[in-house]
Structures are given as C-alpha cells and as structure tokens.
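Visitor: Dumping the structure here so I can ask a few things about it.
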Amino acid sequence: MISRPAILDRVEALGFAVFDGGADYDLNIIGCRKVDGVPDSFDDQLHVVYKLRGRWVHHVYSCTTDPGLYWLQSGSVQGTAILCHNQQMRSVYSIDLHRGKYEALCQRNGPVNVWRDRNHDDRHDYGGNVDRGYFGINIHRASISGSTVVGAYSAGCTVLNNPDQYDELIYLCKQQIKTNGWDRFTYTLLFGLEGI
C-alpha cells in the first residue's frame with residue numbers, strides 16, 4: 001500500500017488544510033516553486049494527491065508558478081503579478097473557460113495574494129507589499145501542442161506545459177465533481193521542491 005505522500009506533511013506543517021479523509025477524489029492540488037527557478041522555464045511542480053478506494057494516488061506535473069519573461073519585461077504599470085508562496089487558497093478555483101477558450105481551473109470564488117514585480121527586468125522579485133484580490137490567476141496549460149518556454153503563457157498563473165498531463169488534471173477535477181459533487185478546488189502554493 002502506498003503510504004501518505006510526504007508533501008501533505010509539508011502542507012500541514014504550514015498550518016494549511018489537507019484533505020485526507022475517506023472520500024475518493026478529494027483532491028489536494030499543490031504547487032511547488034523551485035527556489036532557484038529560471039525565468040521562462042517550466043521548472044516548478046504541480047502535485048495532485050488524493051485517495052482512491054482507500055489508497056493514496058500521487059501525480060506530479062511539470063509547470064511554472066511564475067510569470068514568463070514576456071510579462072516580466074513588459075508588464076502593466078501596477079507590476080506583473082507573482083502568486084505569493086506559502087499560501088493556501090481555499091475553495092477559490094472552479095472549472096471554467098480560461099480567457100473564454102478552454103476549460104481550466106479559474107479563480108472564481110475568492111481573492112488570492114500576489115506580489116507585484118515592477119522593475120521590468122528578467123528576475124522574479126518575491127516579497128514586498130501584498131496585493132489581494134481577483135486577478136484571474138488561473139491554473140491552465142500552455143500551447144495545445146506543448147511548449148518548452150513560458151513566454152506569454154503566464155502573467156502570474158500556474159501553467160502546465162504538457163497537454164496530456166493537463167488533460168489528466170482536468171479529468172481528475174471532473175472526477176471530484178462527479179464522485180462527490182464538490183465543484184470548488186483548493187490550491188496550495190509552497191516554496192521549494194525539497195522533501196517531497
């Protein structure tokens with residue numbers, strides 16, 4: 001039997017909720033931001049952890065949790081949004097259309113915390129004043145055929161580069177809705193890939 005994934009211990013250690021009851025497809029969706037991440041790279045991870053028939057299932061997808069260079073260097077006057085870590089966004093996400101085009105996990109049900117990167121250089125600036133609100137910080141994919149560069153695909157969203165992995169993520173979210181009737185999703189963003 002697969003033991004409880006260690007990443008859930010990291011989530012709990014920060015005082016955040018973990019969904020580890022008996023229900024099938026009670027999804028823990030957890031982003032892990034690489035400490036020394038490279039701008040424009042899909043070098044972060046998205047973990048989806050849940051139980052199925054009493055056994056733990058753990059998927060790991062490559063992604064970015066940071067904006068791409070396109071937005072860092074040409075962002076708005078208020079600054080490019082960078083989703084704050086460590087943060088849990090309880091029931092904030094629902095399946096909806098990303099920019100009216102395809103199904104994604106969209107920020108529909110509550111505010112999130114972001115930092116604003118205002119200097120238009122090629123580095124992600126973490127920290128500083130927190131901006132809280134509805135910014136359309138979604139979880140979506142890059143190109144339908146895949147991508148190796150973040151570019152304009154992320155203006156602060158969590159973006160998966162592998163379309164097959166993305167399709168699996170959306171399938172799992174729909175299984176949570178189908179199995180339990182729960183159509184809201186919690187997203188937790190952690191800093192660091194170690195210990196998982």
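The chains in the structure tokens are called A, B, ... from first to last as shown; in each chain the residues are counted from 1, and the ligands are counted from 1 in the order shown.
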With only C-alpha atoms as the counted atoms, please give the residues lying no more than 6 Å from Lys34 (chain A), apart from itself and same-chain residues fewer than 5 positions off, as a PyMOL selection string.
Guide: chain A and resi 44+192-193
Visitor: Pull N, CA and C atoms from the residues just selected and write them as a PDB file, in the first residue's frame.
Guide:
ATOM      1  N   ASP A  44       8.947  24.225 -12.168  1.00  0.00           N
ATOM      2  CA  ASP A  44       8.209  24.015 -10.926  1.00  0.00           C
ATOM      3  C   ASP A  44       7.388  22.722 -11.044  1.00  0.00           C
ATOM      4  N   GLY A 192       9.836  25.758  -2.689  1.00  0.00           N
ATOM      5  CA  GLY A 192      10.848  24.719  -2.608  1.00  0.00           C
ATOM      6  C   GLY A 192      10.341  23.363  -3.037  1.00  0.00           C
ATOM      7  N   LEU A 193      11.223  22.600  -3.687  1.00  0.00           N
ATOM      8  CA  LEU A 193      10.883  21.258  -4.168  1.00  0.00           C
ATOM      9  C   LEU A 193      11.409  20.162  -3.249  1.00  0.00           C
TER      10      LEU A 193
END
Visitor: What are the closest atom pairs, with distances in Å to one decimal, for all residues of region 94-143 of chain A lying within 10 Å of region 54-68 of chain A? Consider only C-alpha atoms, order rows by chain and residue number, and present the result as CSV.
Guide:
residue,atom,partner,partner_atom,distance
A:Asp117,CA,A:Pro67,CA,9.8
A:Asp122,CA,A:Gly68,CA,9.0
A:Arg123,CA,A:Gly68,CA,9.8
A:His124,CA,A:Asp66,CA,7.5
A:Ile139,CA,A:Thr65,CA,9.1
A:His140,CA,A:Cys63,CA,9.6
A:Arg141,CA,A:Cys63,CA,8.6
A:Ala142,CA,A:Cys63,CA,9.3
Visitor: Per DSSP on the backbone, what are the strand (DSSP E) residues of chain A, as a ChimeraX atom specification?
Guide: /A:28-33,44-52,55-64,80-83,87-98,102-107,112-117,130-133,139-141,158-160,185-191
Visitor: Measuring between only C-alpha atoms, which one of A:Trp115, A:Phe19, A:Tyr153, A:Tyr187 shows the shortest distance to Phe135 (chain A)?
Guide: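 Ranked by minimum distance to Phe135 (chain A), first place goes to A:Trp115.
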Visitor: Within 6 Å of region 126-132 of chain A, counting only C-alpha atoms, which residues qualify if same-chain residues fewer than 2 places away don't, as a list in words?
Guide: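 In the requested format, the answer is Val112, Asn113, Val114 and Trp115 of chain A.
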Visitor: Write a file of the selected residues as an mmCIF file, in the first residue's frame, keeping all heavy atoms.
Guide:
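Okay, part-v9.cif is ready:
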data_model
loop_
_atom_site.group_PDB
_atom_site.id
_atom_site.type_symbol
_atom_site.label_atom_id
_atom_site.label_comp_id
_atom_site.auth_asym_id
_atom_site.auth_seq_id
_atom_site.Cartn_x
_atom_site.Cartn_y
_atom_site.Cartn_z
ATOM 1 N N VAL A 112 -6.922 36.105 -4.012
ATOM 2 C CA VAL A 112 -5.608 35.497 -3.785
ATOM 3 C C VAL A 112 -4.614 36.617 -3.505
ATOM 4 O O VAL A 112 -4.867 37.794 -3.802
ATOM 5 C CB VAL A 112 -5.138 34.663 -4.998
ATOM 6 C CG1 VAL A 112 -6.114 33.526 -5.294
ATOM 7 C CG2 VAL A 112 -4.941 35.532 -6.230
ATOM 8 N N ASN A 113 -3.468 36.248 -2.930
ATOM 9 C CA ASN A 113 -2.407 37.203 -2.628
ATOM 10 C C ASN A 113 -1.318 37.133 -3.688
ATOM 11 O O ASN A 113 -0.838 36.041 -4.010
ATOM 12 C CB ASN A 113 -1.783 36.914 -1.264
ATOM 13 C CG ASN A 113 -2.754 37.111 -0.118
ATOM 14 O OD1 ASN A 113 -3.694 37.898 -0.222
ATOM 15 N ND2 ASN A 113 -2.533 36.410 0.977
ATOM 16 N N VAL A 114 -0.928 38.302 -4.198
ATOM 17 C CA VAL A 114 0.173 38.371 -5.150
ATOM 18 C C VAL A 114 1.151 39.461 -4.719
ATOM 19 O O VAL A 114 0.791 40.400 -4.003
ATOM 20 C CB VAL A 114 -0.309 38.663 -6.598
ATOM 21 C CG1 VAL A 114 -1.276 37.594 -7.084
ATOM 22 C CG2 VAL A 114 -0.936 40.056 -6.711
ATOM 23 N N TRP A 115 2.398 39.304 -5.164
ATOM 24 C CA TRP A 115 3.365 40.387 -5.122
ATOM 25 C C TRP A 115 3.371 41.037 -6.505
ATOM 26 O O TRP A 115 2.997 40.413 -7.491
ATOM 27 C CB TRP A 115 4.766 39.871 -4.797
ATOM 28 C CG TRP A 115 4.907 39.282 -3.438
ATOM 29 C CD1 TRP A 115 4.660 39.894 -2.243
ATOM 30 C CD2 TRP A 115 5.354 37.958 -3.106
ATOM 31 N NE1 TRP A 115 4.922 39.044 -1.187
ATOM 32 C CE2 TRP A 115 5.347 37.843 -1.700
ATOM 33 C CE3 TRP A 115 5.760 36.862 -3.870
ATOM 34 C CZ2 TRP A 115 5.736 36.678 -1.039
ATOM 35 C CZ3 TRP A 115 6.137 35.693 -3.219
ATOM 36 C CH2 TRP A 115 6.124 35.615 -1.826
#
Visitor: For a quick check of understanding, using only C-alpha atoms, which of A:Tyr25, A:Ala6, A:Ala155, A:Leu14 has the smallest distance to Lys178 (chain A)?
Guide: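 Looking only at the distances to Lys178 (chain A), the closest residue turns out to be A:Tyr25.
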Visitor: Set the distance at 9 Å and use only C-alpha atoms: which residues neighbour Asn109 (chain A) once local chain neighbours fewer than 3 positions away are removed? I'd like the list as JSON, numbers by chain.
Guide: {"A": [91, 92, 93, 94, 106, 134, 184]}
Visitor: Do you know which residues are at most 8 Å from Asp20 (chain A) counting only C-alpha atoms, after dropping those on the same chain fewer than 5 positions away, and could you put them as JSON, numbers by chain?
Guide: {"A": [26, 50, 51]}
Visitor: Apply DSSP to the structure's backbone, then extract all residues of region 9-82 of chain A labelled alpha helix (DSSP H) and return them as a list in words.
Guide: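 The alpha helix (DSSP H) residues within region 9-82 of chain A come out as Asp9, Arg10, Val11, Glu12, Ala13, Leu69, Tyr70, Trp71, Leu72, Gln73 and Ser74 of chain A.
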Visitor: How would the residues just picked look written out with N, CA, C and O atoms as a short mmCIF file (atom, residue, chain, number, x, y, z; two decimals), in the first residue's frame?
Guide:
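Saved the output as out.cif:
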data_model
loop_
_atom_site.label_atom_id
_atom_site.label_comp_id
_atom_site.auth_asym_id
_atom_site.auth_seq_id
_atom_site.Cartn_x
_atom_site.Cartn_y
_atom_site.Cartn_z
N ASP A 9 2.55 16.36 4.53
CA ASP A 9 3.14 16.78 5.81
C ASP A 9 3.65 18.21 5.72
O ASP A 9 3.54 18.99 6.68
N ARG A 10 4.25 18.58 4.58
CA ARG A 10 4.71 19.95 4.38
C ARG A 10 3.55 20.93 4.42
O ARG A 10 3.65 22.01 4.99
N VAL A 11 2.45 20.56 3.79
CA VAL A 11 1.27 21.42 3.78
C VAL A 11 0.76 21.62 5.20
O VAL A 11 0.49 22.75 5.63
N GLU A 12 0.64 20.54 5.95
CA GLU A 12 0.15 20.62 7.33
C GLU A 12 1.09 21.39 8.23
O GLU A 12 0.64 22.13 9.12
N ALA A 13 2.41 21.25 8.02
CA ALA A 13 3.40 21.95 8.86
C ALA A 13 3.26 23.46 8.75
O ALA A 13 3.63 24.20 9.67
N LEU A 69 8.92 35.72 -19.09
CA LEU A 69 9.70 36.93 -19.36
C LEU A 69 8.90 37.97 -20.14
O LEU A 69 9.10 39.18 -19.96
N TYR A 70 8.04 37.52 -21.02
CA TYR A 70 7.22 38.47 -21.80
C TYR A 70 6.53 39.46 -20.88
O TYR A 70 6.53 40.67 -21.12
N TRP A 71 5.89 38.94 -19.81
CA TRP A 71 5.15 39.80 -18.89
C TRP A 71 6.07 40.49 -17.90
O TRP A 71 5.80 41.64 -17.51
N LEU A 72 7.12 39.80 -17.45
CA LEU A 72 8.06 40.45 -16.53
C LEU A 72 8.65 41.72 -17.12
O LEU A 72 8.81 42.73 -16.44
N GLN A 73 8.98 41.65 -18.40
CA GLN A 73 9.70 42.76 -19.03
C GLN A 73 8.78 43.80 -19.67
O GLN A 73 9.25 44.88 -20.02
N SER A 74 7.50 43.48 -19.81
CA SER A 74 6.59 44.44 -20.45
C SER A 74 5.27 44.55 -19.71
O SER A 74 4.26 44.92 -20.31
#
Visitor: Find the residue from A:Gln175, A:Phe16, A:Gln107, A:Gly146 that sits nearest to Asn161 (chain A); use only C-alpha atoms when measuring.
Guide: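 Smallest distance to Asn161 (chain A) is found for A:Gly146.
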